[in-house]
$ cat model_34.tsv   # TSV, N, CA, C and O atoms
chain	number	residue	atom	x	y	z
A	897	MET	N	29.68	112.48	47.33
A	897	MET	CA	28.98	111.22	47.38
A	897	MET	C	27.99	111.12	46.22
A	897	MET	O	27.43	112.13	45.80
A	898	ASN	N	27.80	109.90	45.73
A	898	ASN	CA	26.84	109.60	44.66
A	898	ASN	C	27.13	110.34	43.36
A	898	ASN	O	26.23	110.58	42.58
A	899	GLN	N	28.38	110.73	43.15
A	899	GLN	CA	28.79	111.39	41.91
A	899	GLN	C	29.62	110.43	41.08
A	899	GLN	O	30.46	109.70	41.60
A	900	ARG	N	29.41	110.44	39.78
A	900	ARG	CA	30.19	109.60	38.88
A	900	ARG	C	31.51	110.31	38.60
A	900	ARG	O	31.54	111.49	38.24
A	901	VAL	N	32.62	109.58	38.79
A	901	VAL	CA	33.95	110.18	38.66
A	901	VAL	C	34.91	109.24	37.92
A	901	VAL	O	34.66	108.05	37.79
A	902	ARG	N	35.99	109.83	37.47
A	902	ARG	CA	37.15	109.08	36.97
A	902	ARG	C	38.29	109.41	37.92
A	902	ARG	O	38.56	110.57	38.20
A	903	VAL	N	38.96	108.37	38.42
A	903	VAL	CA	40.03	108.54	39.40
A	903	VAL	C	41.32	108.01	38.79
A	903	VAL	O	41.35	106.91	38.24
A	904	GLN	N	42.38	108.81	38.88
A	904	GLN	CA	43.70	108.36	38.43
A	904	GLN	C	44.63	108.33	39.63
A	904	GLN	O	44.70	109.28	40.40
A	905	THR	N	45.33	107.19	39.80
A	905	THR	CA	46.26	107.05	40.91
A	905	THR	C	47.63	107.58	40.51
A	905	THR	O	47.91	107.81	39.33
A	906	ILE	N	48.52	107.76	41.49
A	906	ILE	CA	49.87	108.23	41.19
A	906	ILE	C	50.64	107.18	40.39
A	906	ILE	O	51.64	107.51	39.76
A	907	ASP	N	50.17	105.93	40.39
A	907	ASP	CA	50.79	104.87	39.58
A	907	ASP	C	50.29	104.86	38.15
A	907	ASP	O	50.72	104.03	37.35
A	908	GLY	N	49.31	105.72	37.82
A	908	GLY	CA	48.80	105.81	36.46
A	908	GLY	C	47.57	104.95	36.19
A	908	GLY	O	47.05	104.95	35.09
A	909	LEU	N	47.08	104.22	37.19
A	909	LEU	CA	45.86	103.42	37.02
A	909	LEU	C	44.65	104.33	37.00
A	909	LEU	O	44.61	105.34	37.72
A	910	VAL	N	43.65	103.99	36.18
A	910	VAL	CA	42.45	104.81	36.06
A	910	VAL	C	41.23	103.96	36.38
A	910	VAL	O	41.10	102.84	35.89
A	911	TYR	N	40.34	104.50	37.21
A	911	TYR	CA	39.10	103.83	37.59
A	911	TYR	C	37.95	104.77	37.31
A	911	TYR	O	38.07	105.97	37.49
A	912	GLU	N	36.80	104.23	36.89
A	912	GLU	CA	35.57	105.00	36.72
A	912	GLU	C	34.48	104.36	37.56
A	912	GLU	O	34.38	103.14	37.62
A	913	GLY	N	33.68	105.21	38.18
A	913	GLY	CA	32.58	104.70	38.98
A	913	GLY	C	31.90	105.80	39.75
A	913	GLY	O	32.09	106.98	39.48
A	914	THR	N	31.11	105.40	40.73
A	914	THR	CA	30.34	106.31	41.55
A	914	THR	C	30.88	106.28	42.98
A	914	THR	O	31.07	105.20	43.55
A	915	ILE	N	31.12	107.46	43.55
A	915	ILE	CA	31.61	107.53	44.93
A	915	ILE	C	30.51	107.05	45.87
A	915	ILE	O	29.40	107.58	45.86
A	916	VAL	N	30.83	106.05	46.66
A	916	VAL	CA	29.88	105.48	47.62
A	916	VAL	C	30.13	106.06	49.02
A	916	VAL	O	29.20	106.36	49.75
A	917	ASN	N	31.42	106.23	49.36
A	917	ASN	CA	31.76	106.72	50.69
A	917	ASN	C	33.20	107.20	50.68
A	917	ASN	O	33.99	106.84	49.81
A	918	CYS	N	33.53	108.01	51.65
A	918	CYS	CA	34.90	108.45	51.89
A	918	CYS	C	35.08	108.48	53.39
A	918	CYS	O	34.37	109.22	54.08
A	919	ASP	N	36.00	107.65	53.90
A	919	ASP	CA	36.11	107.50	55.34
A	919	ASP	C	37.54	107.13	55.72
A	919	ASP	O	38.10	106.19	55.16
A	920	ARG	N	38.13	107.89	56.65
A	920	ARG	CA	39.45	107.59	57.21
A	920	ARG	C	40.52	107.37	56.15
A	920	ARG	O	41.27	106.40	56.19
A	921	GLY	N	40.56	108.25	55.17
A	921	GLY	CA	41.61	108.18	54.15
A	921	GLY	C	41.35	107.21	53.03
A	921	GLY	O	42.23	106.98	52.20
A	922	LEU	N	40.14	106.64	52.97
A	922	LEU	CA	39.79	105.71	51.89
A	922	LEU	C	38.63	106.26	51.08
A	922	LEU	O	37.69	106.84	51.63
A	923	LEU	N	38.69	106.07	49.77
A	923	LEU	CA	37.60	106.43	48.87
A	923	LEU	C	36.99	105.13	48.38
A	923	LEU	O	37.69	104.27	47.85
A	924	TYR	N	35.68	104.97	48.58
A	924	TYR	CA	34.96	103.76	48.15
A	924	TYR	C	34.23	104.09	46.85
A	924	TYR	O	33.42	105.02	46.81
A	925	LEU	N	34.54	103.31	45.81
A	925	LEU	CA	34.05	103.59	44.46
A	925	LEU	C	33.32	102.37	43.93
A	925	LEU	O	33.87	101.27	43.89
A	926	ARG	N	32.04	102.55	43.52
A	926	ARG	CA	31.29	101.48	42.86
A	926	ARG	C	31.71	101.48	41.39
A	926	ARG	O	31.48	102.45	40.67
A	927	ALA	N	32.34	100.42	40.95
A	927	ALA	CA	32.91	100.35	39.61
A	927	ALA	C	31.83	100.35	38.54
A	927	ALA	O	30.83	99.64	38.66
A	928	ASP	N	32.03	101.16	37.48
A	928	ASP	CA	31.11	101.18	36.34
A	928	ASP	C	31.19	99.89	35.54
A	928	ASP	O	30.20	99.43	35.01
A	929	HIS	N	32.38	99.33	35.41
A	929	HIS	CA	32.61	98.14	34.58
A	929	HIS	C	33.34	97.08	35.40
A	929	HIS	O	34.55	96.91	35.25
A	930	PRO	N	32.62	96.35	36.26
A	930	PRO	CA	33.29	95.37	37.12
A	930	PRO	C	34.01	94.27	36.34
A	930	PRO	O	34.96	93.70	36.83
A	931	GLU	N	33.58	94.03	35.09
A	931	GLU	CA	34.25	93.00	34.28
A	931	GLU	C	35.70	93.39	33.97
A	931	GLU	O	36.53	92.53	33.74
A	932	TRP	N	36.01	94.68	34.01
A	932	TRP	CA	37.39	95.12	33.79
A	932	TRP	C	38.31	94.64	34.90
A	932	TRP	O	39.51	94.54	34.73
A	933	TYR	N	37.72	94.37	36.06
A	933	TYR	CA	38.50	93.97	37.23
A	933	TYR	C	38.33	92.48	37.53
A	933	TYR	O	38.64	92.03	38.62
A	934	GLY	N	37.80	91.74	36.55
A	934	GLY	CA	37.62	90.30	36.73
A	934	GLY	C	36.42	89.94	37.59
A	934	GLY	O	36.36	88.84	38.13
A	935	ARG	N	35.46	90.85	37.71
A	935	ARG	CA	34.27	90.60	38.51
A	935	ARG	C	33.05	90.54	37.59
A	935	ARG	O	32.97	91.28	36.62
A	936	SER	N	32.09	89.70	37.93
A	936	SER	CA	30.91	89.55	37.08
A	936	SER	C	29.65	90.15	37.70
A	936	SER	O	28.61	90.18	37.08
A	937	TYR	N	29.72	90.64	38.94
A	937	TYR	CA	28.53	91.19	39.57
A	937	TYR	C	28.52	92.72	39.48
A	937	TYR	O	29.56	93.35	39.31
A	938	ASP	N	27.33	93.31	39.57
A	938	ASP	CA	27.14	94.74	39.32
A	938	ASP	C	27.59	95.65	40.45
A	938	ASP	O	27.99	96.78	40.20
A	939	ASP	N	27.52	95.21	41.68
A	939	ASP	CA	27.78	96.09	42.82
A	939	ASP	C	29.19	95.86	43.38
A	939	ASP	O	29.36	95.55	44.53
A	940	PHE	N	30.20	96.02	42.52
A	940	PHE	CA	31.59	95.81	42.90
A	940	PHE	C	32.17	97.12	43.43
A	940	PHE	O	32.20	98.12	42.73
A	941	ILE	N	32.61	97.13	44.69
A	941	ILE	CA	33.16	98.32	45.34
A	941	ILE	C	34.68	98.20	45.41
A	941	ILE	O	35.22	97.21	45.89
A	942	ILE	N	35.37	99.23	44.92
A	942	ILE	CA	36.82	99.33	44.99
A	942	ILE	C	37.13	100.34	46.09
A	942	ILE	O	36.49	101.39	46.18
A	943	TYR	N	38.11	100.05	46.93
A	943	TYR	CA	38.53	101.08	47.88
A	943	TYR	C	39.94	101.54	47.50
A	943	TYR	O	40.80	100.76	47.15
A	944	LEU	N	40.12	102.84	47.50
A	944	LEU	CA	41.36	103.48	47.08
A	944	LEU	C	41.86	104.37	48.22
A	944	LEU	O	41.07	105.06	48.85
A	945	VAL	N	43.15	104.36	48.45
A	945	VAL	CA	43.76	105.19	49.49
A	945	VAL	C	43.89	106.62	48.94
A	945	VAL	O	44.48	106.83	47.89
A	946	LEU	N	43.33	107.59	49.65
A	946	LEU	CA	43.28	108.96	49.15
A	946	LEU	C	44.66	109.55	48.86
A	946	LEU	O	44.84	110.25	47.87
A	947	TYR	N	45.66	109.29	49.68
A	947	TYR	CA	46.96	109.91	49.44
A	947	TYR	C	47.68	109.32	48.23
A	947	TYR	O	48.70	109.85	47.80
A	948	GLU	N	47.17	108.22	47.65
A	948	GLU	CA	47.76	107.64	46.44
A	948	GLU	C	47.05	108.11	45.18
A	948	GLU	O	47.39	107.69	44.08
A	949	LEU	N	46.06	109.00	45.32
A	949	LEU	CA	45.30	109.47	44.17
A	949	LEU	C	45.93	110.75	43.62
A	949	LEU	O	46.35	111.62	44.35
A	950	LEU	N	45.98	110.83	42.30
A	950	LEU	CA	46.52	111.99	41.63
A	950	LEU	C	45.41	112.96	41.23
A	950	LEU	O	45.49	114.15	41.50
A	951	VAL	N	44.35	112.43	40.61
A	951	VAL	CA	43.27	113.26	40.10
A	951	VAL	C	41.94	112.56	40.31
A	951	VAL	O	41.83	111.36	40.10
A	952	ILE	N	40.91	113.32	40.71
A	952	ILE	CA	39.55	112.84	40.72
A	952	ILE	C	38.76	113.80	39.82
A	952	ILE	O	38.67	115.00	40.11
A	953	THR	N	38.23	113.29	38.72
A	953	THR	CA	37.51	114.11	37.75
A	953	THR	C	36.02	113.77	37.79
A	953	THR	O	35.65	112.60	37.67
A	954	LEU	N	35.17	114.78	37.94
A	954	LEU	CA	33.74	114.60	37.93
A	954	LEU	C	33.30	114.36	36.48
A	954	LEU	O	33.65	115.13	35.59
A	955	LEU	N	32.55	113.28	36.24
A	955	LEU	CA	32.04	112.98	34.90
A	955	LEU	C	30.60	113.46	34.82
A	955	LEU	O	29.73	113.01	35.57
A	956	LEU	N	30.33	114.40	33.93
A	956	LEU	CA	28.99	114.96	33.79
A	956	LEU	C	28.17	114.10	32.85
A	956	LEU	O	28.65	113.66	31.82
A	957	LEU	N	26.92	113.87	33.22
A	957	LEU	CA	25.99	113.12	32.38
A	957	LEU	C	24.99	114.09	31.77
A	957	LEU	O	24.40	114.89	32.47
A	958	TYR	N	24.84	114.01	30.48
A	958	TYR	CA	23.88	114.89	29.80
A	958	TYR	C	22.67	114.11	29.39
A	958	TYR	O	22.69	113.02	29.04
$ encode --input "model_34.tsv" --output "C-alpha cells"
Amino acid sequence: MNQRVRVQTIDGLVYEGTIVNCDRGLLYLRADHPEWYGRSYDDFIIYLVLYELLVITLLLLY
C-alpha cells in the first residue's frame, strides 16, 4: 500500500501509479498521469484484476 509502482498486464498494457488498496482479487491504483486515460482530475483510481497482471515493479524515488 502507498507504494509507487509500474504494473504490466498479460495483454501488454502498462500503468504507473500508487497502490491505494488490494481487495478480493482487485488492485486499486491511483494513476500518476490521468490525462493518459482521458481524465483531467488528479485522483483517478484504476482497478485491475490481479490474475490478469504479469508484473508489478516497485518504482524507487530518490
$ residues_around --input "model_34.tsv" --residues "stretch 904-906 of chain A" --least-positions-apart "3" --cutoff "7 Å" --atoms "only C-alpha atoms" --output "list in words"
Leu909, Val910, Tyr911, Glu948, Leu949, Leu950, Val951 and Ile952 of chain A
$ atom_distance --input "model_34.tsv" --atom1 "atom CA of A:Val945" --atom2 "atom CA of A:Gly908"
14.0 Å
$ atom_distance --input "model_34.tsv" --atom1 "atom CA of A:Ile941" --atom2 "atom CA of A:Glu912"
11.2 Å
$ atom_distance --input "model_34.tsv" --atom1 "atom C of A:Arg920" --atom2 "atom O of A:Leu956"
27.8 Å
$ closest_residue --input "model_34.tsv" --among "A:Tyr947, A:Ile942, A:Gln899, A:Thr953" --to "A:Leu925" --atoms "only N, CA, C and O atoms"
A:Ile942
$ residues_around --input "model_34.tsv" --residues "A:Met897" --least-positions-apart "3" --cutoff "8 Å" --atoms "only N, CA, C and O atoms" --output "PyMOL selection string"
chain A and resi 900+914-918+924
$ write_last_selection --input "model_34.tsv" --atoms "N, CA, C and O atoms" --output "PDB file, in the coordinates of the input"
ATOM      1  N   ARG A 900      29.410 110.440  39.780  1.00  0.00           N
ATOM      2  CA  ARG A 900      30.190 109.600  38.880  1.00  0.00           C
ATOM      3  C   ARG A 900      31.510 110.310  38.600  1.00  0.00           C
ATOM      4  O   ARG A 900      31.540 111.490  38.240  1.00  0.00           O
ATOM      5  N   THR A 914      31.110 105.400  40.730  1.00  0.00           N
ATOM      6  CA  THR A 914      30.340 106.310  41.550  1.00  0.00           C
ATOM      7  C   THR A 914      30.880 106.280  42.980  1.00  0.00           C
ATOM      8  O   THR A 914      31.070 105.200  43.550  1.00  0.00           O
ATOM      9  N   ILE A 915      31.120 107.460  43.550  1.00  0.00           N
ATOM     10  CA  ILE A 915      31.610 107.530  44.930  1.00  0.00           C
ATOM     11  C   ILE A 915      30.510 107.050  45.870  1.00  0.00           C
ATOM     12  O   ILE A 915      29.400 107.580  45.860  1.00  0.00           O
ATOM     13  N   VAL A 916      30.830 106.050  46.660  1.00  0.00           N
ATOM     14  CA  VAL A 916      29.880 105.480  47.620  1.00  0.00           C
ATOM     15  C   VAL A 916      30.130 106.060  49.020  1.00  0.00           C
ATOM     16  O   VAL A 916      29.200 106.360  49.750  1.00  0.00           O
ATOM     17  N   ASN A 917      31.420 106.230  49.360  1.00  0.00           N
ATOM     18  CA  ASN A 917      31.760 106.720  50.690  1.00  0.00           C
ATOM     19  C   ASN A 917      33.200 107.200  50.680  1.00  0.00           C
ATOM     20  O   ASN A 917      33.990 106.840  49.810  1.00  0.00           O
ATOM     21  N   CYS A 918      33.530 108.010  51.650  1.00  0.00           N
ATOM     22  CA  CYS A 918      34.900 108.450  51.890  1.00  0.00           C
ATOM     23  C   CYS A 918      35.080 108.480  53.390  1.00  0.00           C
ATOM     24  O   CYS A 918      34.370 109.220  54.080  1.00  0.00           O
ATOM     25  N   TYR A 924      35.680 104.970  48.580  1.00  0.00           N
ATOM     26  CA  TYR A 924      34.960 103.760  48.150  1.00  0.00           C
ATOM     27  C   TYR A 924      34.230 104.090  46.850  1.00  0.00           C
ATOM     28  O   TYR A 924      33.420 105.020  46.810  1.00  0.00           O
TER      29      TYR A 924
END
$ select_by_dssp --input "model_34.tsv" --residues "chain A" --states "helix (DSSP H, G or I)" --output "PyMOL selection string"
chain A and resi 930-933+946-948
$ residues_around --input "model_34.tsv" --residues "A:Phe940" --least-positions-apart "4" --cutoff "7 Å" --atoms "all atoms listed in the file" --output "PyMOL selection string"
chain A and resi 925-928+930
$ write_last_selection --input "model_34.tsv" --atoms "N, CA, C and O atoms" --output "PDB file, keeping the file's coordinate frame"
ATOM      1  N   LEU A 925      34.540 103.310  45.810  1.00  0.00           N
ATOM      2  CA  LEU A 925      34.050 103.590  44.460  1.00  0.00           C
ATOM      3  C   LEU A 925      33.320 102.370  43.930  1.00  0.00           C
ATOM      4  O   LEU A 925      33.870 101.270  43.890  1.00  0.00           O
ATOM      5  N   ARG A 926      32.040 102.550  43.520  1.00  0.00           N
ATOM      6  CA  ARG A 926      31.290 101.480  42.860  1.00  0.00           C
ATOM      7  C   ARG A 926      31.710 101.480  41.390  1.00  0.00           C
ATOM      8  O   ARG A 926      31.480 102.450  40.670  1.00  0.00           O
ATOM      9  N   ALA A 927      32.340 100.420  40.950  1.00  0.00           N
ATOM     10  CA  ALA A 927      32.910 100.350  39.610  1.00  0.00           C
ATOM     11  C   ALA A 927      31.830 100.350  38.540  1.00  0.00           C
ATOM     12  O   ALA A 927      30.830  99.640  38.660  1.00  0.00           O
ATOM     13  N   ASP A 928      32.030 101.160  37.480  1.00  0.00           N
ATOM     14  CA  ASP A 928      31.110 101.180  36.340  1.00  0.00           C
ATOM     15  C   ASP A 928      31.190  99.890  35.540  1.00  0.00           C
ATOM     16  O   ASP A 928      30.200  99.430  35.010  1.00  0.00           O
ATOM     17  N   PRO A 930      32.620  96.350  36.260  1.00  0.00           N
ATOM     18  CA  PRO A 930      33.290  95.370  37.120  1.00  0.00           C
ATOM     19  C   PRO A 930      34.010  94.270  36.340  1.00  0.00           C
ATOM     20  O   PRO A 930      34.960  93.700  36.830  1.00  0.00           O
TER      21      PRO A 930
END
